[in-house]
Amino acid sequence: MLQQTQVTAVIPFYHAWLRRFTTFAALAAATENDVLHAWQGLGYYARARNLHAAAKAVQDRHGGIFPRDIDSIRALPGIGRYTANAVATFAFDQSVPIVEANTARLLARLFNIDSAIDSAAGREKLWHAATMLVPKQNAGHFNSALIDLGATVCLPRAPKCGICPAKTLCLAPNPETLPIKKERLKTKTLIENHALITTPNKILLQQSTDRWRGLWTLPPLNGDCFKQSTLPARAIHTSIFPFTHHRITLRVFRQTQRKIDNRIQRWFSRNQLNSIPMPSPHRRALLALLH
């Protein structure tokens, strides 16, 4: 949950998740629909699918007991180097390094790393530096301290060098110029048109097969399912939301349906809407329109 998401946003989802899925067995037995619904609002839904798959792997390969060795942890779906090492050091106090956003900034300054930290060469330098520092004992406390130092003292802007306990070890002549990162991709703008199709008691939704795979959205206005000679002059709802490197304008038009694709489209009653997984922009649009 903490990948790509801030701690303050994660906390309520974390507690709700643990109340809903108390064990690996409970998560492994859940449907994908239940998992995506519990994750709803956190975004980057591939993380939820990976977590679901990892729980199944723990259940099937390890008898429901999470493995302790790094190779077995790395073999679980969706778990890379950082996540595997973070679990090993914080759950099992193993002497392994970790590199995440706060420690990457701290290490880049301490070791004056002049490579882009989001390049392959830069990442290897960070991991090498972290490996040099990690102690044999109490590694979990040490790694936690590095994260806190980066989060509270070695700040992205205006680092508090005067109170930094590592200032005599820092090799950066000008810490604010580090870390170096590759040039960001330019944000692309997209317009996505979707349909509001209702009966007096039901709303038609479509299960996404691409960006929000497995989630239910307002039907996209493409294909031959709609009477599309021309769109109405005005959308009945317009909103803007960011998605990775895109800025997306969501426009909703009231439409009539020529035929239903039963493979991916379903009618839902209003009472069912709270129990199905929907991406936040589409849920906000639908709730605004229904109210």
# chains A, B, ... in the order shown; residues from 1 in each chain; ligands from 1

$ residues_around --residues "A:Leu133" --least-positions-apart "5" --cutoff "10 Å" --atoms "only C-alpha atoms" --output "PyMOL selection string"
chain A and resi 96-97+107+128+139+142-143

$ write_last_selection --atoms "N, CA, C and O atoms" --output "short mmCIF file (atom, residue, chain, number, x, y, z; two decimals), in the first residue's frame"
data_model
loop_
_atom_site.label_atom_id
_atom_site.label_comp_id
_atom_site.auth_asym_id
_atom_site.auth_seq_id
_atom_site.Cartn_x
_atom_site.Cartn_y
_atom_site.Cartn_z
N VAL A 96 19.77 -6.79 6.11
CA VAL A 96 19.73 -6.51 4.68
C VAL A 96 19.46 -5.02 4.49
O VAL A 96 18.79 -4.38 5.31
N PRO A 97 19.97 -4.43 3.40
CA PRO A 97 19.75 -3.00 3.17
C PRO A 97 18.39 -2.73 2.55
O PRO A 97 17.76 -3.64 1.99
N LEU A 107 21.16 8.69 1.00
CA LEU A 107 22.38 8.01 0.55
C LEU A 107 23.05 8.76 -0.59
O LEU A 107 24.28 8.82 -0.66
N HIS A 128 24.54 -0.42 -3.25
CA HIS A 128 25.89 -0.70 -2.75
C HIS A 128 26.17 0.12 -1.50
O HIS A 128 26.72 -0.40 -0.51
N ALA A 139 19.26 -4.50 12.52
CA ALA A 139 19.17 -3.88 11.20
C ALA A 139 17.81 -3.22 10.98
O ALA A 139 17.71 -2.18 10.32
N PHE A 142 17.93 0.15 12.54
CA PHE A 142 18.83 1.01 11.76
C PHE A 142 18.15 1.48 10.47
O PHE A 142 18.17 2.67 10.14
N ASN A 143 17.51 0.56 9.74
CA ASN A 143 16.86 0.94 8.49
C ASN A 143 15.69 1.89 8.74
O ASN A 143 15.45 2.82 7.96
#

$ select_by_dssp --residues "stretch 59-283 of chain A" --states "helix (DSSP H, G or I)" --output "ChimeraX atom specification"
/A:59-62,70-74,81-92,101-110,120-133,139-152,161-163,175-177,270-275,280-283

$ residues_around --residues "A:His37" --least-positions-apart "6" --cutoff "8 Å" --atoms "only C-alpha atoms" --output "VMD selection string"
chain A and resid 275 to 278

$ select_by_dssp --residues "stretch 23-213 of chain A" --states "strand (DSSP E)" --output "list in words"
Lys188, Thr189, Leu190, Ile191, Glu192, Asn193, His194, Ala195, Leu196, Lys202, Ile203, Leu204, Leu205, Gln206 and Gln207 of chain A

$ closest_residue --among "A:His246, A:Arg20, A:Ala29, A:Gly43" --to "A:Thr187" --atoms "only C-alpha atoms"
A:His246

$ residues_around --residues "A:Asn262" --least-positions-apart "4" --cutoff "10 Å" --atoms "only C-alpha atoms" --output "NGL selection string"
:A and (206 or 266-267)

$ residues_around --residues "stretch 230-241 of chain A" --least-positions-apart "6" --cutoff "10 Å" --atoms "only C-alpha atoms" --output "list of chain:residue names"
A:Thr189, A:Leu190, A:Ile191, A:Glu192, A:Asn193, A:His194, A:Ala195, A:Leu196, A:Leu221, A:Arg247, A:Ile248, A:Thr249, A:Leu250, A:Arg251, A:Val252, A:Phe253, A:Arg254, A:Gln255, A:Ser280, A:Pro281, A:His282, A:Arg284, A:Ala285, A:Leu286, A:Ala288, A:Leu289

$ write_last_selection --atoms "N, CA and C atoms" --output "PDB file, in the first residue's frame"
ATOM      1  N   THR A 189      -2.249  15.022 -22.255  1.00  0.00           N
ATOM      2  CA  THR A 189      -3.659  15.277 -21.958  1.00  0.00           C
ATOM      3  C   THR A 189      -4.524  14.362 -22.822  1.00  0.00           C
ATOM      4  N   LEU A 190      -5.532  13.766 -22.195  1.00  0.00           N
ATOM      5  CA  LEU A 190      -6.453  12.876 -22.894  1.00  0.00           C
ATOM      6  C   LEU A 190      -7.885  13.255 -22.556  1.00  0.00           C
ATOM      7  N   ILE A 191      -8.783  13.005 -23.485  1.00  0.00           N
ATOM      8  CA  ILE A 191     -10.216  13.150 -23.236  1.00  0.00           C
ATOM      9  C   ILE A 191     -10.847  11.783 -23.387  1.00  0.00           C
ATOM     10  N   GLU A 192     -11.599  11.353 -22.376  1.00  0.00           N
ATOM     11  CA  GLU A 192     -12.269  10.064 -22.425  1.00  0.00           C
ATOM     12  C   GLU A 192     -13.776  10.281 -22.284  1.00  0.00           C
ATOM     13  N   ASN A 193     -14.513   9.765 -23.230  1.00  0.00           N
ATOM     14  CA  ASN A 193     -15.965   9.924 -23.247  1.00  0.00           C
ATOM     15  C   ASN A 193     -16.636   8.628 -22.787  1.00  0.00           C
ATOM     16  N   HIS A 194     -17.550   8.755 -21.836  1.00  0.00           N
ATOM     17  CA  HIS A 194     -18.266   7.597 -21.302  1.00  0.00           C
ATOM     18  C   HIS A 194     -19.758   7.890 -21.275  1.00  0.00           C
ATOM     19  N   ALA A 195     -20.531   6.833 -21.100  1.00  0.00           N
ATOM     20  CA  ALA A 195     -21.986   6.952 -21.197  1.00  0.00           C
ATOM     21  C   ALA A 195     -22.661   6.722 -19.858  1.00  0.00           C
ATOM     22  N   LEU A 196     -23.721   7.474 -19.614  1.00  0.00           N
ATOM     23  CA  LEU A 196     -24.633   7.176 -18.507  1.00  0.00           C
ATOM     24  C   LEU A 196     -25.884   6.578 -19.119  1.00  0.00           C
ATOM     25  N   LEU A 221     -17.530   5.234 -24.707  1.00  0.00           N
ATOM     26  CA  LEU A 221     -18.277   5.484 -25.940  1.00  0.00           C
ATOM     27  C   LEU A 221     -17.443   5.080 -27.140  1.00  0.00           C
ATOM     28  N   ARG A 247      -3.030  13.565 -17.932  1.00  0.00           N
ATOM     29  CA  ARG A 247      -4.058  14.399 -17.316  1.00  0.00           C
ATOM     30  C   ARG A 247      -5.320  14.137 -18.122  1.00  0.00           C
ATOM     31  N   ILE A 248      -6.275  13.470 -17.494  1.00  0.00           N
ATOM     32  CA  ILE A 248      -7.416  12.937 -18.226  1.00  0.00           C
ATOM     33  C   ILE A 248      -8.680  13.739 -17.916  1.00  0.00           C
ATOM     34  N   THR A 249      -9.354  14.155 -18.963  1.00  0.00           N
ATOM     35  CA  THR A 249     -10.670  14.777 -18.823  1.00  0.00           C
ATOM     36  C   THR A 249     -11.728  13.707 -19.065  1.00  0.00           C
ATOM     37  N   LEU A 250     -12.516  13.443 -18.042  1.00  0.00           N
ATOM     38  CA  LEU A 250     -13.597  12.463 -18.133  1.00  0.00           C
ATOM     39  C   LEU A 250     -14.893  13.202 -18.459  1.00  0.00           C
ATOM     40  N   ARG A 251     -15.483  12.846 -19.582  1.00  0.00           N
ATOM     41  CA  ARG A 251     -16.767  13.440 -19.983  1.00  0.00           C
ATOM     42  C   ARG A 251     -17.823  12.346 -20.042  1.00  0.00           C
ATOM     43  N   VAL A 252     -18.973  12.626 -19.463  1.00  0.00           N
ATOM     44  CA  VAL A 252     -20.070  11.650 -19.433  1.00  0.00           C
ATOM     45  C   VAL A 252     -21.257  12.225 -20.192  1.00  0.00           C
ATOM     46  N   PHE A 253     -21.825  11.406 -21.086  1.00  0.00           N
ATOM     47  CA  PHE A 253     -22.972  11.798 -21.898  1.00  0.00           C
ATOM     48  C   PHE A 253     -24.117  10.817 -21.646  1.00  0.00           C
ATOM     49  N   ARG A 254     -25.322  11.346 -21.573  1.00  0.00           N
ATOM     50  CA  ARG A 254     -26.472  10.450 -21.476  1.00  0.00           C
ATOM     51  C   ARG A 254     -26.691   9.791 -22.835  1.00  0.00           C
ATOM     52  N   GLN A 255     -26.818   8.460 -22.805  1.00  0.00           N
ATOM     53  CA  GLN A 255     -26.923   7.707 -24.047  1.00  0.00           C
ATOM     54  C   GLN A 255     -28.003   6.642 -23.948  1.00  0.00           C
ATOM     55  N   SER A 280     -12.075   5.531  -8.644  1.00  0.00           N
ATOM     56  CA  SER A 280     -12.610   6.718  -7.961  1.00  0.00           C
ATOM     57  C   SER A 280     -13.196   7.768  -8.903  1.00  0.00           C
ATOM     58  N   PRO A 281     -12.542   8.109 -10.037  1.00  0.00           N
ATOM     59  CA  PRO A 281     -13.136   9.136 -10.908  1.00  0.00           C
ATOM     60  C   PRO A 281     -14.525   8.745 -11.419  1.00  0.00           C
ATOM     61  N   HIS A 282     -14.714   7.471 -11.735  1.00  0.00           N
ATOM     62  CA  HIS A 282     -16.014   7.033 -12.241  1.00  0.00           C
ATOM     63  C   HIS A 282     -17.044   6.968 -11.117  1.00  0.00           C
ATOM     64  N   ARG A 284     -17.072   8.888  -8.434  1.00  0.00           N
ATOM     65  CA  ARG A 284     -17.442  10.286  -8.121  1.00  0.00           C
ATOM     66  C   ARG A 284     -18.396  10.825  -9.176  1.00  0.00           C
ATOM     67  N   ALA A 285     -18.122  10.534 -10.438  1.00  0.00           N
ATOM     68  CA  ALA A 285     -19.009  11.014 -11.510  1.00  0.00           C
ATOM     69  C   ALA A 285     -20.396  10.419 -11.371  1.00  0.00           C
ATOM     70  N   LEU A 286     -20.472   9.127 -11.128  1.00  0.00           N
ATOM     71  CA  LEU A 286     -21.769   8.451 -11.018  1.00  0.00           C
ATOM     72  C   LEU A 286     -22.561   8.957  -9.825  1.00  0.00           C
ATOM     73  N   ALA A 288     -22.328  11.856  -8.390  1.00  0.00           N
ATOM     74  CA  ALA A 288     -22.759  13.233  -8.665  1.00  0.00           C
ATOM     75  C   ALA A 288     -23.976  13.229  -9.594  1.00  0.00           C
ATOM     76  N   LEU A 289     -23.967  12.363 -10.587  1.00  0.00           N
ATOM     77  CA  LEU A 289     -25.080  12.315 -11.531  1.00  0.00           C
ATOM     78  C   LEU A 289     -26.336  11.730 -10.890  1.00  0.00           C
TER      79      LEU A 289
END

$ closest_residue --among "A:Gly78, A:Pro279, A:Pro219, A:Gly122" --to "A:Asp261" --atoms "only C-alpha atoms"
A:Pro219

$ closest_residue --among "A:Ala121, A:Leu110, A:Ala54, A:Met1" --to "A:Gly41" --atoms "only C-alpha atoms"
A:Met1

$ closest_residue --among "A:Lys182, A:Arg109, A:Lys167, A:His62" --to "A:Lys125" --atoms "only C-alpha atoms"
A:Arg109

$ closest_residue --among "A:Asp148, A:Asp93, A:Glu176, A:Asp71" --to "A:Ala108" --atoms "only C-alpha atoms"
A:Glu176

$ residues_around --residues "A:Leu178" --least-positions-apart "4" --cutoff "12 Å" --atoms "only C-alpha atoms" --output "JSON, numbers by chain"
{"A": [104, 105, 106, 107, 108, 109, 110, 111, 112, 113, 114, 115, 116, 117, 154, 155, 156, 157, 158, 159, 170, 171, 172, 173, 174]}

$ write_last_selection --atoms "N, CA and C atoms" --output "PDB file, in the first residue's frame"
ATOM      1  N   ALA A 104      17.002   6.842  -0.385  1.00  0.00           N
ATOM      2  CA  ALA A 104      17.713   7.133  -1.638  1.00  0.00           C
ATOM      3  C   ALA A 104      18.257   8.549  -1.626  1.00  0.00           C
ATOM      4  N   ARG A 105      17.447   9.495  -1.188  1.00  0.00           N
ATOM      5  CA  ARG A 105      17.894  10.893  -1.112  1.00  0.00           C
ATOM      6  C   ARG A 105      19.039  11.029  -0.107  1.00  0.00           C
ATOM      7  N   LEU A 106      18.887  10.406   1.041  1.00  0.00           N
ATOM      8  CA  LEU A 106      19.907  10.476   2.087  1.00  0.00           C
ATOM      9  C   LEU A 106      21.223   9.863   1.607  1.00  0.00           C
ATOM     10  N   LEU A 107      21.162   8.692   1.002  1.00  0.00           N
ATOM     11  CA  LEU A 107      22.377   8.008   0.553  1.00  0.00           C
ATOM     12  C   LEU A 107      23.051   8.760  -0.592  1.00  0.00           C
ATOM     13  N   ALA A 108      22.245   9.338  -1.495  1.00  0.00           N
ATOM     14  CA  ALA A 108      22.824  10.104  -2.605  1.00  0.00           C
ATOM     15  C   ALA A 108      23.653  11.269  -2.090  1.00  0.00           C
ATOM     16  N   ARG A 109      23.201  11.871  -0.986  1.00  0.00           N
ATOM     17  CA  ARG A 109      23.935  12.997  -0.415  1.00  0.00           C
ATOM     18  C   ARG A 109      25.119  12.526   0.425  1.00  0.00           C
ATOM     19  N   LEU A 110      24.910  11.519   1.249  1.00  0.00           N
ATOM     20  CA  LEU A 110      26.003  11.030   2.091  1.00  0.00           C
ATOM     21  C   LEU A 110      27.195  10.577   1.262  1.00  0.00           C
ATOM     22  N   PHE A 111      26.929   9.909   0.136  1.00  0.00           N
ATOM     23  CA  PHE A 111      28.005   9.357  -0.696  1.00  0.00           C
ATOM     24  C   PHE A 111      28.268  10.204  -1.941  1.00  0.00           C
ATOM     25  N   ASN A 112      27.588  11.359  -2.047  1.00  0.00           N
ATOM     26  CA  ASN A 112      27.779  12.280  -3.179  1.00  0.00           C
ATOM     27  C   ASN A 112      27.642  11.524  -4.506  1.00  0.00           C
ATOM     28  N   ILE A 113      26.533  10.820  -4.660  1.00  0.00           N
ATOM     29  CA  ILE A 113      26.310  10.029  -5.872  1.00  0.00           C
ATOM     30  C   ILE A 113      25.850  10.952  -6.996  1.00  0.00           C
ATOM     31  N   ASP A 114      26.646  11.004  -8.067  1.00  0.00           N
ATOM     32  CA  ASP A 114      26.359  11.945  -9.152  1.00  0.00           C
ATOM     33  C   ASP A 114      25.653  11.293 -10.337  1.00  0.00           C
ATOM     34  N   SER A 115      25.189  10.053 -10.183  1.00  0.00           N
ATOM     35  CA  SER A 115      24.391   9.398 -11.226  1.00  0.00           C
ATOM     36  C   SER A 115      22.914   9.605 -10.915  1.00  0.00           C
ATOM     37  N   ALA A 116      22.099   9.596 -11.947  1.00  0.00           N
ATOM     38  CA  ALA A 116      20.648   9.702 -11.746  1.00  0.00           C
ATOM     39  C   ALA A 116      20.181   8.496 -10.939  1.00  0.00           C
ATOM     40  N   ILE A 117      19.517   8.751  -9.824  1.00  0.00           N
ATOM     41  CA  ILE A 117      19.157   7.643  -8.931  1.00  0.00           C
ATOM     42  C   ILE A 117      18.025   6.795  -9.491  1.00  0.00           C
ATOM     43  N   CYS A 154      16.792  15.158   6.258  1.00  0.00           N
ATOM     44  CA  CYS A 154      17.402  15.255   4.928  1.00  0.00           C
ATOM     45  C   CYS A 154      16.304  15.455   3.888  1.00  0.00           C
ATOM     46  N   LEU A 155      15.666  16.618   3.968  1.00  0.00           N
ATOM     47  CA  LEU A 155      14.464  16.899   3.190  1.00  0.00           C
ATOM     48  C   LEU A 155      14.796  17.192   1.729  1.00  0.00           C
ATOM     49  N   PRO A 156      13.832  17.019   0.829  1.00  0.00           N
ATOM     50  CA  PRO A 156      14.087  17.316  -0.587  1.00  0.00           C
ATOM     51  C   PRO A 156      14.517  18.759  -0.811  1.00  0.00           C
ATOM     52  N   ARG A 157      13.829  19.671  -0.151  1.00  0.00           N
ATOM     53  CA  ARG A 157      14.188  21.092  -0.224  1.00  0.00           C
ATOM     54  C   ARG A 157      14.489  21.600   1.182  1.00  0.00           C
ATOM     55  N   ALA A 158      15.471  22.454   1.264  1.00  0.00           N
ATOM     56  CA  ALA A 158      15.901  23.015   2.551  1.00  0.00           C
ATOM     57  C   ALA A 158      16.183  21.933   3.577  1.00  0.00           C
ATOM     58  N   PRO A 159      17.130  21.035   3.282  1.00  0.00           N
ATOM     59  CA  PRO A 159      17.482  20.002   4.274  1.00  0.00           C
ATOM     60  C   PRO A 159      18.043  20.646   5.537  1.00  0.00           C
ATOM     61  N   CYS A 170      28.793  13.442   5.672  1.00  0.00           N
ATOM     62  CA  CYS A 170      28.181  13.745   4.383  1.00  0.00           C
ATOM     63  C   CYS A 170      29.214  14.269   3.402  1.00  0.00           C
ATOM     64  N   LEU A 171      29.292  13.653   2.228  1.00  0.00           N
ATOM     65  CA  LEU A 171      30.287  14.022   1.226  1.00  0.00           C
ATOM     66  C   LEU A 171      29.756  15.030   0.209  1.00  0.00           C
ATOM     67  N   ALA A 172      28.476  15.382   0.273  1.00  0.00           N
ATOM     68  CA  ALA A 172      27.898  16.290  -0.723  1.00  0.00           C
ATOM     69  C   ALA A 172      28.317  17.723  -0.443  1.00  0.00           C
ATOM     70  N   PRO A 173      29.008  18.418  -1.384  1.00  0.00           N
ATOM     71  CA  PRO A 173      29.356  19.827  -1.174  1.00  0.00           C
ATOM     72  C   PRO A 173      28.116  20.710  -1.048  1.00  0.00           C
ATOM     73  N   ASN A 174      27.079  20.395  -1.820  1.00  0.00           N
ATOM     74  CA  ASN A 174      25.830  21.154  -1.779  1.00  0.00           C
ATOM     75  C   ASN A 174      24.668  20.163  -1.799  1.00  0.00           C
TER      76      ASN A 174
END

$ atom_distance --atom1 "atom CA of A:Phe24" --atom2 "atom CA of A:Tyr45"
18.8 Å

$ residues_around --residues "A:Leu51" --least-positions-apart "4" --cutoff "10 Å" --atoms "only C-alpha atoms" --output "JSON, numbers by chain"
{"A": [1, 24, 27, 28, 35, 45, 46, 47, 55, 56, 57, 76, 77, 78, 79]}

$ write_last_selection --atoms "C-alpha atoms" --output "tab-separated table (two decimals), in the first residue's frame"
chain	number	residue	atom	x	y	z
A	1	MET	CA	0.00	0.00	0.00
A	24	PHE	CA	-3.21	-15.27	4.11
A	27	LEU	CA	-7.07	-13.20	1.34
A	28	ALA	CA	-6.28	-16.18	-0.89
A	35	VAL	CA	-9.99	-7.60	-3.24
A	45	TYR	CA	-4.77	-1.67	-8.78
A	46	ALA	CA	-2.07	-4.02	-10.08
A	47	ARG	CA	-0.71	-3.86	-6.53
A	55	ALA	CA	-1.37	-14.62	-0.67
A	56	LYS	CA	-2.38	-17.55	-2.86
A	57	ALA	CA	1.31	-18.42	-3.37
A	76	LEU	CA	6.22	-14.13	-4.70
A	77	PRO	CA	4.13	-12.18	-7.24
A	78	GLY	CA	4.63	-8.42	-7.23
A	79	ILE	CA	7.56	-8.42	-4.78

$ closest_residue --among "A:Asn102, A:Thr244, A:Ser72, A:Asn33" --to "A:Lys188" --atoms "only C-alpha atoms"
A:Thr244
